[in-house]
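input13.cif (mmCIF, C-alpha atoms)
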```
data_target
loop_
_atom_site.label_atom_id
_atom_site.label_comp_id
_atom_site.auth_asym_id
_atom_site.auth_seq_id
_atom_site.Cartn_x
_atom_site.Cartn_y
_atom_site.Cartn_z
CA MET A 379 22.78 9.57 21.68
CA ASN A 380 25.95 7.84 22.84
CA SER A 381 28.51 6.54 20.41
CA SER A 382 27.77 2.82 20.65
CA THR A 383 24.10 3.25 19.73
CA GLN A 384 25.21 5.56 16.97
CA TRP A 385 27.40 2.80 15.54
CA LEU A 386 24.59 0.31 15.78
CA THR A 387 22.35 2.74 13.89
CA VAL A 388 24.98 3.11 11.17
CA ILE A 389 25.47 -0.66 10.75
CA GLY A 390 21.73 -1.33 10.84
CA ARG A 391 21.12 1.36 8.25
CA PHE A 392 23.85 -0.10 6.00
CA ILE A 393 22.17 -3.51 5.93
CA ALA A 394 18.65 -2.05 5.70
CA VAL A 395 19.32 0.24 2.72
CA LEU A 396 21.23 -2.52 0.91
CA LEU A 397 18.37 -5.00 1.28
CA VAL A 398 15.70 -2.43 0.42
CA GLN A 399 17.67 -1.40 -2.68
CA VAL A 400 18.45 -4.82 -4.13
CA LEU A 401 15.31 -6.69 -3.09
CA ILE A 402 12.59 -4.09 -3.55
CA VAL A 403 13.62 -0.92 -5.35
CA ASP A 404 15.72 -2.64 -8.05
CA ARG A 405 12.53 -4.35 -9.18
CA ILE A 406 10.80 -1.02 -9.75
CA VAL A 407 11.56 0.34 -13.20
CA LEU A 408 9.43 3.31 -14.23
CA PHE A 409 8.99 4.38 -17.87
CA GLY A 410 11.19 1.45 -18.87
CA PHE A 411 14.45 2.98 -17.65
CA ALA A 412 14.11 4.86 -14.34
CA ASN A 413 15.23 2.71 -11.43
CA PRO A 414 15.49 4.89 -8.27
CA MET A 415 18.59 4.60 -6.08
CA VAL A 416 17.68 4.78 -2.41
CA TYR A 417 20.92 3.51 -0.90
CA CYS A 418 22.26 7.10 -0.94
CA TYR A 419 20.16 7.41 2.24
CA PHE A 420 23.03 5.78 4.13
CA ILE A 421 25.67 8.17 2.79
CA LEU A 422 23.55 11.31 3.20
CA LEU A 423 22.53 10.50 6.79
CA TYR A 424 25.90 9.19 8.01
CA PRO A 425 26.48 11.01 11.34
CA LEU A 426 27.83 14.51 10.76
CA SER A 427 30.30 14.04 13.60
CA GLY A 428 31.36 10.61 12.31
CA ASN A 429 34.77 9.69 11.00
CA ARG A 430 35.14 10.61 7.32
CA LEU A 431 37.54 7.75 6.64
CA TRP A 432 34.88 5.26 7.73
CA LEU A 433 32.26 7.04 5.66
CA ILE A 434 34.42 6.66 2.54
CA LEU A 435 35.21 3.01 3.26
CA SER A 436 31.64 2.02 4.14
CA SER A 437 30.16 3.86 1.15
CA PHE A 438 32.55 2.02 -1.14
CA SER A 439 31.57 -1.34 0.32
CA LEU A 440 27.88 -0.46 0.10
CA GLY A 441 28.29 0.46 -3.57
CA LEU A 442 30.25 -2.71 -4.26
CA CYS A 443 27.50 -4.83 -2.67
CA VAL A 444 24.89 -3.15 -4.89
CA ASP A 445 27.20 -3.78 -7.88
CA MET A 446 27.40 -7.44 -6.96
CA PHE A 447 23.63 -7.79 -7.17
CA ASN A 448 23.38 -5.77 -10.38
CA ASP A 449 26.37 -7.11 -12.33
CA THR A 450 27.60 -3.57 -12.92
CA GLY A 451 31.26 -4.16 -12.03
CA GLY A 452 32.16 -1.13 -9.91
CA ALA A 453 29.90 1.65 -11.18
CA HIS A 454 27.86 1.92 -7.96
CA ALA A 455 31.01 1.67 -5.84
CA ALA A 456 32.70 4.55 -7.70
CA ALA A 457 29.59 6.76 -7.60
CA ALA A 458 28.99 6.04 -3.90
CA VAL A 459 32.58 6.74 -2.87
CA PHE A 460 32.54 10.00 -4.84
CA LEU A 461 29.35 11.08 -3.08
CA ALA A 462 30.88 10.18 0.29
CA TRP A 463 33.94 12.28 -0.45
CA ILE A 464 32.05 15.31 -1.76
CA ARG A 465 29.45 15.24 1.04
CA PRO A 466 31.06 17.94 3.26
CA VAL A 467 31.12 20.33 0.29
CA LEU A 468 27.43 19.71 -0.36
CA LEU A 469 26.57 20.10 3.34
CA ASN A 470 28.35 23.44 3.36
CA PHE A 471 26.61 24.45 0.14
CA ALA A 472 23.13 23.56 1.38
CA PHE A 473 23.22 24.37 5.11
CA GLY A 474 26.06 26.89 5.43
CA VAL A 475 28.74 26.51 8.07
CA SER A 476 26.26 25.72 10.85
CA TYR A 477 26.46 21.99 10.16
CA GLN A 478 30.08 21.97 11.27
CA TYR A 479 29.08 22.86 14.81
CA ASN A 480 26.85 19.84 14.85
CA THR A 481 23.84 21.93 15.84
CA THR A 482 21.54 20.56 13.19
CA LYS A 483 20.50 17.23 11.76
CA VAL A 484 19.69 16.90 8.10
CA PRO A 485 16.03 15.80 8.52
CA ASN A 486 15.41 18.71 10.97
CA ALA A 487 16.68 21.41 8.63
CA PRO A 488 14.27 23.64 6.66
CA ILE A 489 12.77 21.73 3.76
CA GLY A 490 14.25 24.06 1.13
CA GLN A 491 17.80 23.34 2.34
CA GLN A 492 17.05 19.62 2.44
CA ILE A 493 15.87 19.68 -1.16
CA ILE A 494 19.04 21.46 -2.27
CA PHE A 495 21.24 19.02 -0.37
CA VAL A 496 19.54 15.82 -1.51
CA SER A 497 18.95 16.81 -5.13
CA SER A 498 22.51 18.03 -5.70
CA ALA A 499 23.93 14.89 -4.07
CA VAL A 500 21.67 12.59 -6.04
CA LEU A 501 22.41 14.38 -9.33
CA ILE A 502 26.17 14.01 -8.89
CA HIS A 503 25.83 10.37 -7.82
CA HIS A 504 23.51 9.44 -10.69
CA LEU A 505 25.56 11.23 -13.33
CA ILE A 506 28.69 9.25 -12.37
CA LEU A 507 26.73 6.04 -12.02
CA PHE A 508 24.95 6.22 -15.37
CA SER A 509 28.05 7.40 -17.26
CA LEU A 510 30.06 4.46 -15.94
CA GLU A 511 27.20 2.07 -16.49
CA ALA A 512 26.73 3.17 -20.11
CA GLY A 513 30.46 2.69 -20.66
CA SER A 514 30.66 4.86 -23.76
CA TRP A 515 30.05 8.51 -24.57
CA SER A 516 27.90 7.55 -27.53
CA TYR A 517 25.00 7.05 -25.11
CA TRP A 518 25.16 10.56 -23.63
CA PRO A 519 21.57 11.60 -24.52
CA LEU A 520 20.33 8.49 -22.76
CA VAL A 521 22.69 9.06 -19.81
CA PHE A 522 21.38 12.59 -19.27
CA LYS A 523 17.77 11.55 -19.67
CA SER A 524 18.06 8.76 -17.12
CA THR A 525 20.16 10.94 -14.79
CA PHE A 526 17.58 13.73 -14.55
CA ILE A 527 14.44 11.63 -14.38
CA THR A 528 15.88 9.01 -12.03
CA ALA A 529 17.39 11.75 -9.84
CA ALA A 530 13.98 13.41 -9.49
CA LEU A 531 12.47 10.11 -8.38
CA SER A 532 15.30 9.25 -6.01
CA THR A 533 15.16 12.73 -4.44
CA LEU A 534 11.43 12.40 -3.84
CA ILE A 535 11.83 8.97 -2.26
CA LEU A 536 14.82 10.04 -0.10
CA LEU A 537 13.08 13.18 1.22
CA SER A 538 9.98 11.16 2.11
CA ALA A 539 12.19 8.57 3.81
CA PHE A 540 13.84 11.36 5.85
CA GLN A 541 10.42 12.45 7.11
CA LEU A 542 9.29 8.91 7.83
CA PHE A 543 12.30 7.33 9.49
CA SER A 544 14.07 10.03 11.44
CA ARG A 545 13.41 10.99 15.02
CA LYS A 546 12.31 14.58 15.29
CA THR A 547 13.77 15.06 18.76
CA THR A 548 17.45 15.78 19.47
CA MET B 982 60.66 12.26 5.26
CA GLN B 983 58.61 13.68 8.11
CA GLN B 984 56.92 15.99 5.63
CA ILE B 985 56.00 13.13 3.34
CA ILE B 986 54.41 11.21 6.20
CA ASP B 987 52.62 14.37 7.31
CA PHE B 988 51.34 14.86 3.80
CA PHE B 989 49.91 11.35 3.75
CA ILE B 990 48.28 11.74 7.15
CA ARG B 991 46.81 15.14 6.30
CA ASN B 992 45.40 13.90 2.99
CA LYS B 993 44.46 10.39 4.03
CA ASN B 994 40.78 10.91 3.22
CA PHE B 995 41.49 12.23 -0.23
CA LEU B 996 44.06 9.53 -1.00
CA LEU B 997 41.72 6.78 0.18
CA PHE B 998 38.92 8.28 -1.89
CA LEU B 999 41.14 8.49 -4.97
CA LEU B 1000 42.28 4.89 -4.56
CA LEU B 1001 38.77 3.49 -4.13
CA PHE B 1002 37.27 5.71 -6.83
CA SER B 1003 39.79 4.57 -9.44
CA PHE B 1004 39.38 0.98 -8.29
CA GLY B 1005 35.61 1.28 -8.81
CA ILE B 1006 36.06 2.83 -12.26
CA SER B 1007 38.48 0.12 -13.34
CA LEU B 1008 36.07 -2.58 -12.14
CA SER B 1009 33.22 -1.03 -14.09
CA GLN B 1010 35.38 -0.79 -17.21
CA LYS B 1011 36.28 -4.45 -16.86
CA ALA B 1012 32.59 -5.27 -16.60
CA HIS B 1013 32.05 -3.65 -20.00
CA SER B 1014 34.60 -5.88 -21.66
CA GLY B 1015 33.00 -8.87 -19.98
CA LEU B 1016 36.15 -9.83 -18.10
CA TYR B 1017 35.09 -9.08 -14.57
CA THR B 1018 36.06 -11.20 -11.62
CA ARG B 1019 33.80 -13.93 -10.39
CA ASN B 1020 33.06 -12.52 -6.97
CA ILE B 1021 31.44 -9.38 -8.28
CA ALA B 1022 29.09 -11.26 -10.60
CA SER B 1023 25.62 -11.97 -9.23
CA SER B 1024 26.17 -15.71 -9.69
CA ASN B 1025 27.98 -15.84 -6.35
CA ARG B 1026 26.49 -17.78 -3.48
CA ILE B 1027 25.13 -14.82 -1.49
CA SER B 1028 23.35 -12.80 -4.15
CA GLY B 1029 22.40 -15.89 -6.16
CA GLY B 1030 20.93 -17.48 -3.04
CA ILE B 1031 18.97 -14.35 -2.13
CA PHE B 1032 17.62 -13.95 -5.65
CA ALA B 1033 16.62 -17.63 -5.74
CA GLN B 1034 14.70 -17.28 -2.45
CA ILE B 1035 12.86 -14.16 -3.60
CA THR B 1036 11.99 -15.70 -6.97
CA ASP B 1037 10.74 -18.79 -5.18
CA ILE B 1038 8.27 -16.69 -3.20
CA LYS B 1039 7.35 -14.44 -6.13
CA SER B 1040 6.73 -17.37 -8.47
CA TYR B 1041 3.68 -18.41 -6.43
CA PHE B 1042 1.89 -15.26 -7.48
CA SER B 1043 2.22 -15.94 -11.18
CA LEU B 1044 1.72 -19.73 -11.13
CA LYS B 1045 -1.54 -19.60 -13.05
CA GLN B 1046 -0.15 -17.48 -15.86
CA ARG B 1047 3.07 -19.54 -16.12
CA ASN B 1048 1.04 -22.74 -16.26
CA GLU B 1049 -1.04 -21.33 -19.09
CA THR B 1050 2.11 -20.51 -21.04
CA LEU B 1051 3.59 -23.96 -20.49
CA ALA B 1052 0.29 -25.64 -21.44
CA LEU B 1053 0.19 -23.66 -24.68
CA GLU B 1054 3.77 -24.69 -25.40
CA ASN B 1055 2.82 -28.30 -24.73
CA ALA B 1056 -0.14 -28.07 -27.07
CA ARG B 1057 2.07 -26.71 -29.84
CA LEU B 1058 4.60 -29.50 -29.38
CA LEU B 1059 1.87 -32.15 -29.34
CA ALA B 1060 0.42 -30.83 -32.57
CA ALA B 1061 3.88 -30.84 -34.14
CA LYS B 1062 4.54 -34.39 -32.93
CA HIS B 1063 1.28 -35.52 -34.47
CA LYS B 1064 2.29 -33.98 -37.79
CA ILE B 1065 5.64 -35.79 -37.76
CA LYS B 1066 3.91 -39.13 -37.19
CA HIS B 1067 1.76 -38.73 -40.25
CA SER B 1068 4.29 -37.34 -42.64
CA ASP B 1069 8.03 -37.31 -42.37
CA SER B 1070 8.96 -34.99 -45.16
CA LYS B 1071 11.45 -32.35 -44.14
CA ASP B 1072 9.15 -29.68 -45.47
CA THR B 1073 6.48 -30.43 -42.86
CA LEU B 1074 9.09 -30.45 -40.14
CA SER B 1075 10.36 -27.05 -41.03
CA ARG B 1076 6.82 -25.69 -41.21
CA ALA B 1077 6.10 -27.14 -37.77
CA GLY B 1078 9.16 -25.30 -36.46
CA LEU B 1079 10.87 -28.53 -35.47
CA MET B 1080 13.85 -28.26 -37.79
CA PRO B 1081 16.21 -27.24 -34.95
CA LEU B 1082 15.36 -30.43 -33.09
CA LEU B 1083 16.05 -32.54 -36.15
CA ASP B 1084 19.15 -30.66 -37.14
CA SER B 1085 21.04 -31.48 -33.97
CA SER B 1086 19.14 -34.38 -32.51
CA ASN B 1087 21.40 -34.73 -29.50
CA LEU B 1088 21.25 -31.08 -28.49
CA SER B 1089 21.57 -31.01 -24.70
CA VAL B 1090 18.91 -28.96 -22.94
CA ILE B 1091 18.91 -27.84 -19.29
CA GLN B 1092 15.67 -26.50 -17.91
CA ALA B 1093 16.18 -23.45 -15.64
CA HIS B 1094 14.59 -20.35 -14.14
CA VAL B 1095 15.59 -16.71 -14.40
CA ILE B 1096 16.03 -15.46 -10.84
CA ASN B 1097 17.12 -11.93 -11.66
CA ASN B 1098 16.45 -10.05 -14.86
CA ASN B 1099 17.39 -6.48 -15.65
CA TYR B 1100 16.56 -4.50 -18.76
CA HIS B 1101 16.96 -0.82 -17.87
CA LYS B 1102 20.75 -0.70 -18.22
CA ARG B 1103 23.00 -0.76 -21.29
CA LYS B 1104 24.72 -4.00 -20.26
CA ASN B 1105 21.84 -6.12 -19.09
CA THR B 1106 22.26 -9.58 -17.59
CA LEU B 1107 20.13 -12.51 -16.49
CA THR B 1108 20.92 -14.49 -13.35
CA ILE B 1109 19.86 -18.12 -13.67
CA ASP B 1110 19.41 -20.79 -10.98
CA LYS B 1111 21.57 -23.54 -12.54
CA GLY B 1112 25.34 -23.76 -12.26
CA ALA B 1113 28.40 -25.85 -13.04
CA LEU B 1114 27.11 -28.70 -10.84
CA ASP B 1115 24.04 -28.94 -13.09
CA GLY B 1116 26.21 -29.09 -16.20
CA VAL B 1117 26.11 -25.43 -17.22
CA GLU B 1118 29.14 -24.25 -19.15
CA MET B 1119 30.36 -20.96 -20.56
CA ASP B 1120 28.92 -19.94 -23.95
CA MET B 1121 25.78 -22.00 -23.70
CA GLY B 1122 22.75 -20.37 -25.31
CA VAL B 1123 19.76 -19.24 -23.25
CA VAL B 1124 16.40 -19.52 -25.03
CA SER B 1125 12.70 -19.64 -24.32
CA SER B 1126 10.43 -21.79 -26.45
CA ASP B 1127 9.75 -18.88 -28.77
CA GLY B 1128 12.95 -16.87 -28.80
CA VAL B 1129 16.63 -16.37 -28.13
CA LEU B 1130 17.42 -14.64 -24.80
CA GLY B 1131 21.17 -14.58 -24.23
CA VAL B 1132 24.51 -16.33 -23.79
CA ILE B 1133 26.08 -17.67 -20.56
CA THR B 1134 29.10 -15.59 -19.53
CA HIS B 1135 29.73 -16.56 -15.88
CA VAL B 1136 29.25 -19.87 -14.15
CA SER B 1137 29.53 -20.63 -10.43
CA ASP B 1138 28.70 -23.92 -8.71
CA HIS B 1139 24.97 -23.26 -8.32
CA TYR B 1140 24.18 -20.23 -10.47
CA CYS B 1141 25.15 -18.62 -13.73
CA VAL B 1142 24.93 -15.20 -15.36
CA ALA B 1143 23.97 -14.69 -18.98
CA GLN B 1144 24.57 -11.69 -21.17
CA SER B 1145 21.05 -10.72 -22.22
CA VAL B 1146 20.08 -9.99 -25.81
CA LEU B 1147 19.46 -6.51 -24.38
CA ASN B 1148 23.17 -5.91 -23.88
CA THR B 1149 25.15 -3.61 -26.13
CA ASN B 1150 27.89 -6.28 -26.29
CA SER B 1151 25.46 -8.89 -27.59
CA ARG B 1152 26.12 -10.17 -31.15
CA ILE B 1153 23.92 -12.94 -32.51
CA ILE B 1154 24.07 -14.18 -36.07
CA VAL B 1155 20.57 -14.56 -37.49
CA LYS B 1156 19.07 -15.16 -40.90
CA SER B 1157 15.74 -14.71 -42.56
CA LYS B 1158 13.56 -17.80 -42.40
CA LYS B 1159 12.96 -17.58 -46.16
CA SER B 1160 16.49 -17.12 -47.45
CA ASN B 1161 20.05 -17.76 -46.36
CA HIS B 1162 21.16 -14.11 -46.13
CA PHE B 1163 22.52 -13.60 -42.65
CA GLY B 1164 23.36 -10.60 -40.51
CA THR B 1165 24.33 -9.64 -36.96
CA LEU B 1166 21.65 -8.86 -34.42
CA ILE B 1167 22.64 -6.13 -31.96
CA TRP B 1168 20.88 -3.96 -29.38
CA PRO B 1169 21.02 -0.19 -29.90
CA GLY B 1170 20.60 0.29 -26.14
CA ASP B 1171 17.30 2.06 -25.67
CA LYS B 1172 14.04 0.16 -26.23
CA VAL B 1173 13.42 -3.22 -24.58
CA ASP B 1174 11.30 -4.46 -27.49
CA GLU B 1175 13.52 -3.45 -30.35
CA LEU B 1176 16.70 -5.01 -31.72
CA LEU B 1177 18.69 -4.01 -34.78
CA LEU B 1178 19.75 -6.40 -37.51
CA THR B 1179 22.77 -5.12 -39.41
CA GLU B 1180 24.96 -6.38 -42.23
CA ILE B 1181 22.11 -7.79 -44.31
CA PRO B 1182 23.02 -6.98 -47.94
CA LYS B 1183 20.62 -4.78 -49.88
CA ILE B 1184 19.81 -7.48 -52.41
CA ALA B 1185 18.37 -9.78 -49.75
CA PRO B 1186 14.64 -10.37 -50.21
CA ILE B 1187 13.37 -9.25 -46.83
CA ALA B 1188 10.16 -7.46 -45.90
CA PRO B 1189 8.41 -6.28 -42.73
CA GLY B 1190 6.65 -9.20 -41.08
CA ASP B 1191 9.34 -11.74 -42.01
CA SER B 1192 10.45 -14.13 -39.29
CA LEU B 1193 14.09 -14.34 -38.29
CA VAL B 1194 15.81 -17.45 -36.96
CA THR B 1195 19.29 -18.25 -35.67
CA ASP B 1196 21.80 -19.09 -38.33
CA GLY B 1197 23.72 -21.90 -36.70
CA LYS B 1198 27.08 -20.59 -37.91
CA SER B 1199 28.11 -19.74 -34.37
CA THR B 1200 28.58 -22.59 -31.93
CA ILE B 1201 26.11 -21.12 -29.44
CA PHE B 1202 22.65 -21.59 -30.93
CA PRO B 1203 21.43 -24.42 -33.16
CA ARG B 1204 20.22 -23.54 -36.64
CA GLY B 1205 16.65 -22.31 -36.97
CA TRP B 1206 15.74 -21.26 -33.44
CA PRO B 1207 13.15 -18.43 -33.63
CA VAL B 1208 14.36 -14.92 -32.79
CA GLY B 1209 11.86 -12.27 -33.79
CA GLN B 1210 10.00 -10.46 -36.49
CA VAL B 1211 11.04 -7.69 -38.87
CA ILE B 1212 9.04 -4.54 -38.12
CA ASP B 1213 10.77 -1.92 -40.23
CA ILE B 1214 13.51 -1.70 -42.84
CA GLU B 1215 15.68 1.35 -43.25
CA ASP B 1216 17.42 1.65 -46.58
CA ALA B 1217 20.12 4.33 -46.28
CA ALA B 1218 21.45 5.24 -49.72
CA ALA B 1219 25.03 5.64 -48.52
CA GLN B 1220 25.32 2.11 -47.16
CA ASP B 1221 25.64 -1.30 -48.74
CA TYR B 1222 23.66 -2.87 -45.95
CA LEU B 1223 20.14 -2.54 -44.66
CA ASP B 1224 19.29 -1.49 -41.10
CA ILE B 1225 16.45 -3.70 -40.00
CA ARG B 1226 14.45 -3.15 -36.84
CA VAL B 1227 13.39 -6.38 -35.19
CA ARG B 1228 10.85 -7.15 -32.48
CA PRO B 1229 11.90 -10.18 -30.39
CA HIS B 1230 9.17 -12.81 -29.97
CA THR B 1231 9.80 -13.01 -26.22
CA ASP B 1232 8.86 -10.22 -23.80
CA MET B 1233 12.30 -9.61 -22.30
CA THR B 1234 10.80 -7.92 -19.24
CA ASP B 1235 8.90 -11.03 -18.14
CA LEU B 1236 11.12 -14.12 -18.07
CA TYR B 1237 10.85 -17.18 -15.84
CA HIS B 1238 11.08 -20.60 -17.53
CA VAL B 1239 14.10 -20.79 -19.81
CA TYR B 1240 16.21 -23.49 -21.44
CA LEU B 1241 20.00 -23.63 -21.65
CA LEU B 1242 21.20 -25.22 -24.87
CA GLN B 1243 24.50 -26.77 -25.76
CA ARG B 1244 25.34 -28.07 -29.18
CA PRO B 1245 27.30 -31.28 -28.69
CA GLU B 1246 29.50 -30.42 -31.62
CA ALA B 1247 30.34 -26.96 -30.18
CA GLN B 1248 33.51 -28.14 -28.48
CA GLU B 1249 34.79 -29.84 -31.62
CA ILE B 1250 34.05 -26.86 -33.87
CA ARG B 1251 35.78 -24.50 -31.45
CA GLU B 1252 38.86 -26.70 -31.21
CA LEU B 1253 39.03 -26.98 -34.97
CA GLU B 1254 38.77 -23.22 -35.37
CA ASN B 1255 41.47 -22.68 -32.76
CA THR B 1256 43.92 -24.99 -34.52
CA MET B 1257 43.26 -23.10 -37.75
CA THR B 1258 44.10 -19.72 -36.21
CA ASP B 1259 47.25 -21.25 -34.70
CA GLU B 1260 48.40 -22.41 -38.11
CA LEU B 1261 47.74 -19.04 -39.68
#
```
Would you write the structure of this file as C-alpha cells?
Amino acid sequence: MNSSTQWLTVIGRFIAVLLVQVLIVDRIVLFGFANPMVYCYFILLYPLSGNRLWLILSSFSLGLCVDMFNDTGGAHAAAAVFLAWIRPVLLNFAFGVSYQYNTTKVPNAPIGQQIIFVSSAVLIHHLILFSLEAGSWSYWPLVFKSTFITAALSTLILLSAFQLFSRKTT
Amino acid sequence: MQQIIDFFIRNKNFLLFLLLFSFGISLSQKAHSGLYTRNIASSNRISGGIFAQITDIKSYFSLKQRNETLALENARLLAAKHKIKHSDSKDTLSRAGLMPLLDSSNLSVIQAHVINNNYHKRKNTLTIDKGALDGVEMDMGVVSSDGVLGVITHVSDHYCVAQSVLNTNSRIIVKSKKSNHFGTLIWPGDKVDELLLTEIPKIAPIAPGDSLVTDGKSTIFPRGWPVGQVIDIEDAAAQDYLDIRVRPHTDMTDLYHVYLLQRPEAQEIRELENTMTDEL
C-alpha cells in the first residue's frame, strides 16, 4: 500500500467511525447505561508506521467531534488523546517488539494478542472517559460499573469490526 | 539554548499530548459547571442539523404512536374546556389541571421537538430543534403535557440545548399538590425513572402516591405544572428533612413533542431580584 492510499484510508476511517458513533451507536444504550464506544477503532488501527504527532492530533479532534454531539465538553477528547499517546506501550505489551518492525498488522495477529490489546486500550479509554463525564468522585461505583460493562461491549464490537473490515492480505 | 530546543523536539509528542489532554480535561470540567463554550454544545449548526435530519427520518416510524399520544392530550384538553364552560369555580379548574393556564394566562409557549436525547450519562442534555430565531431564550422551561423535562441552557440561531431533569446539576423547586410545603427535586444520577425530592420538612403531610407539581417560586416554570408521583418516603432519624423518591410522569427515554415555556413576568422578577442583591 503506498502512502497516498494510506492517507485516504485514514481520513475515510476518521469520518466513518465518527458518523457510525454519533448517528448509530450513540442511540444504543444497553441495560440503561452501557453505550459502546466504537470510535476507538480509528485510534487502534491507525497505521503502525504512521506519524505519532498526527495520531495524537487526529485522535484529539475525533474525540472533540464526539464531544460536540454528546455535550460532554472535552471528556471524549481527553480520553482519546490519552489512548493515542499510550498506544505504543499497549502495542508492545500485547504483541511484543515485533510490531516495531512493521511485520504484523493488528487484525492479522493471533486472536489472544488482539484481545489483550483491544481490551486494555478500551479499559483505559473508558475509565478516563467515564471519570471525566461523571465529574465527581462520589459516583465511583457507577463509574467502575459502566467502565467494565461498557468496555466488554466495546471490545466485542471492535474485535468483530476488525474481522469484518480489514483486508487479510498484506 | 540548543539543549532546550533539542528537548522540545525530542519530546514533542509528549508535550503535545500533555497540552491536548489538559485542554480536554479543562473543557470537560467547564461542561460540569455549565459554562462551556457555544461551539462545543450540540446546538451548533453541524450537529444540530445532522440530528434534525435523522430525527426527521426516524419520526416517520413512530407517527402512529405519537398521533395517539397527541389525540389523547387533545381529548383531555377538550374535556377540561367543557368543564370550564359549565362551571367557572376555581376549584373545578384546579381539579381539571388547568390552574397553570389560568395562573399566568399570557404564558408564552413554543412547540418544539427533541432531536437528541441522552439519559445514560450523569449530565444529560436534550437538543431541541428551535433556536433564538424562533424566540427561544436562556432559562426557558421545557415541559411535555404531563411533566417537567428540563431548562434551556444554550441557544444558537436554530437549535437549543436543555439541561435534562436527569442531570446531576438540575434543581427544580416542587411542592405537593395538596399542601404548600416545597422542596428541591434533584437527580441522584443512576436510575432514569427515579428522582429525589429533598428539603421537605418532616411535618409535611405527604404520602406515597401523592402528586407533585412545580411551585412557581422560580422564574422558570409556572405554578402547578405536573412533575411526578411520590413512590417512597425515607424518614432518616438524624435528619430534619424527608428523602422522597419520585417517579416522573414522563418517560424520559422517549421524548419527541415538547413545549418551551416562558413566564412573561420572568424578566421583571429577575431584574427585581438583581437590584435587591445589588443593594445588599
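What the PyMOL selection byres ((chain A) within 6 of (chain B)) grabs from this file is Phe411, Leu431, Met446, Phe447, Asp449, Gly451, Gly452, Ala453, Ala455, Ala456 and Ala512 of chain A.
For the pair atom CA of Asn1150 of chain B and atom CA of Pro519 of chain A, the interatomic distance is 19.0 Å.
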Quiz item: Which residues match the PyMOL selection byres ((chain A and resi 508) around 10) in the file above, as a list in words?
Solution: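 Written out, the selection comes to Ala453, His454, Ala457, His503, His504, Leu505, Ile506, Leu507, Ser509, Leu510, Glu511, Ala512, Gly513, Tyr517, Trp518, Leu520, Val521, Phe522, Lys523, Ser524 and Thr525 of chain A; Lys1102 and Arg1103 of chain B.
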Practice problem: Could you give me, as a ChimeraX atom specification, the residues within 8 Å of Ser1089 of chain B, counting all atoms listed in the file and dropping anything in the same chain fewer than 2 positions from it? | Solution: /B:1087,1091,1242-1245
Quiz prompt | Residues matched by the PyMOL selection byres ((chain B and resi 1116) around 12), written as a list in words | solution =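 Taken over the shown coordinates, the PyMOL selection byres ((chain B and resi 1116) around 12) returns Ser1089, Val1090, Ile1091, Gln1092, Ala1093, Asp1110, Lys1111, Gly1112, Ala1113, Leu1114, Asp1115, Val1117, Glu1118, Met1119, Met1121, Val1136, Ser1137, Asp1138, His1139, Tyr1140, Cys1141, Leu1241, Leu1242 and Gln1243 of chain B.
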Could the residues in this selection be saved with C-alpha atoms as an mmCIF file, keeping the file's coordinate frame?
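Result saved to result-v1.cif:
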```cif
data_model
loop_
_atom_site.group_PDB
_atom_site.id
_atom_site.type_symbol
_atom_site.label_atom_id
_atom_site.label_comp_id
_atom_site.auth_asym_id
_atom_site.auth_seq_id
_atom_site.Cartn_x
_atom_site.Cartn_y
_atom_site.Cartn_z
ATOM 1 C CA SER B 1089 21.570 -31.010 -24.700
ATOM 2 C CA VAL B 1090 18.910 -28.960 -22.940
ATOM 3 C CA ILE B 1091 18.910 -27.840 -19.290
ATOM 4 C CA GLN B 1092 15.670 -26.500 -17.910
ATOM 5 C CA ALA B 1093 16.180 -23.450 -15.640
ATOM 6 C CA ASP B 1110 19.410 -20.790 -10.980
ATOM 7 C CA LYS B 1111 21.570 -23.540 -12.540
ATOM 8 C CA GLY B 1112 25.340 -23.760 -12.260
ATOM 9 C CA ALA B 1113 28.400 -25.850 -13.040
ATOM 10 C CA LEU B 1114 27.110 -28.700 -10.840
ATOM 11 C CA ASP B 1115 24.040 -28.940 -13.090
ATOM 12 C CA VAL B 1117 26.110 -25.430 -17.220
ATOM 13 C CA GLU B 1118 29.140 -24.250 -19.150
ATOM 14 C CA MET B 1119 30.360 -20.960 -20.560
ATOM 15 C CA MET B 1121 25.780 -22.000 -23.700
ATOM 16 C CA VAL B 1136 29.250 -19.870 -14.150
ATOM 17 C CA SER B 1137 29.530 -20.630 -10.430
ATOM 18 C CA ASP B 1138 28.700 -23.920 -8.710
ATOM 19 C CA HIS B 1139 24.970 -23.260 -8.320
ATOM 20 C CA TYR B 1140 24.180 -20.230 -10.470
ATOM 21 C CA CYS B 1141 25.150 -18.620 -13.730
ATOM 22 C CA LEU B 1241 20.000 -23.630 -21.650
ATOM 23 C CA LEU B 1242 21.200 -25.220 -24.870
ATOM 24 C CA GLN B 1243 24.500 -26.770 -25.760
#
```
Quiz item: Leaving out segment 390-392 of chain A and any residue of its chain fewer than 2 positions from it, which residues lie within 9 Å of it when counting only C-alpha atoms, given as a list in words?
Solution: Trp385, Leu386, Thr387, Val388, Ala394, Val395, Leu396, Leu397, Tyr417, Tyr419, Phe420, Ser436, Ser437 and Leu440 of chain A
Quiz prompt | Proximity to Leu531 of chain A - best of A:Leu501, A:Val444, A:Leu461, A:Ile402, all atoms listed in the file | solution = A:Leu501
Quiz item: In Å, with one decimal, what is the gap from atom CA of Val1124 of chain B to atom CA of Cys443 of chain A?
Solution: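 According to the coordinates, atom CA of Val1124 of chain B and atom CA of Cys443 of chain A are separated by 29.0 Å.
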How big is the axis-aligned box around all listed atoms of segment 986-998 of chain B once 8 Å goes on each side, and where's its centre, in Å to one decimal, as AutoDock Vina command-line options?
```
--center_x 46.7 --center_y 11.0 --center_z 2.7 --size_x 31.5 --size_y 24.4 --size_z 25.2
```
Quiz prompt | Near-Ser1199 of chain B list (9 Å; all atoms listed in the file; drop same-chain fewer than 3 positions) as a list in words | solution = Ile1153, Ile1154, Asp1196, Phe1202, Pro1203 and Ala1247 of chain B
Exercise. Go through B:Val1129, B:Ile1250, B:Leu1000, B:Ile1167 one by one, measure the shortest atom-to-atom distance of each to Gly1205 of chain B using all atoms listed in the file, and give the residue with the smallest value.
Key: B:Val1129
Exercise. Select, counting all atoms listed in the file, all protein, DNA and RNA residues no farther than 12 Å from (10.9, -3.0, -7.3) in file coordinates, and express the selection as number ranges by chain.
Key: A: 397-408, 412-416; B: 1035, 1097-1099
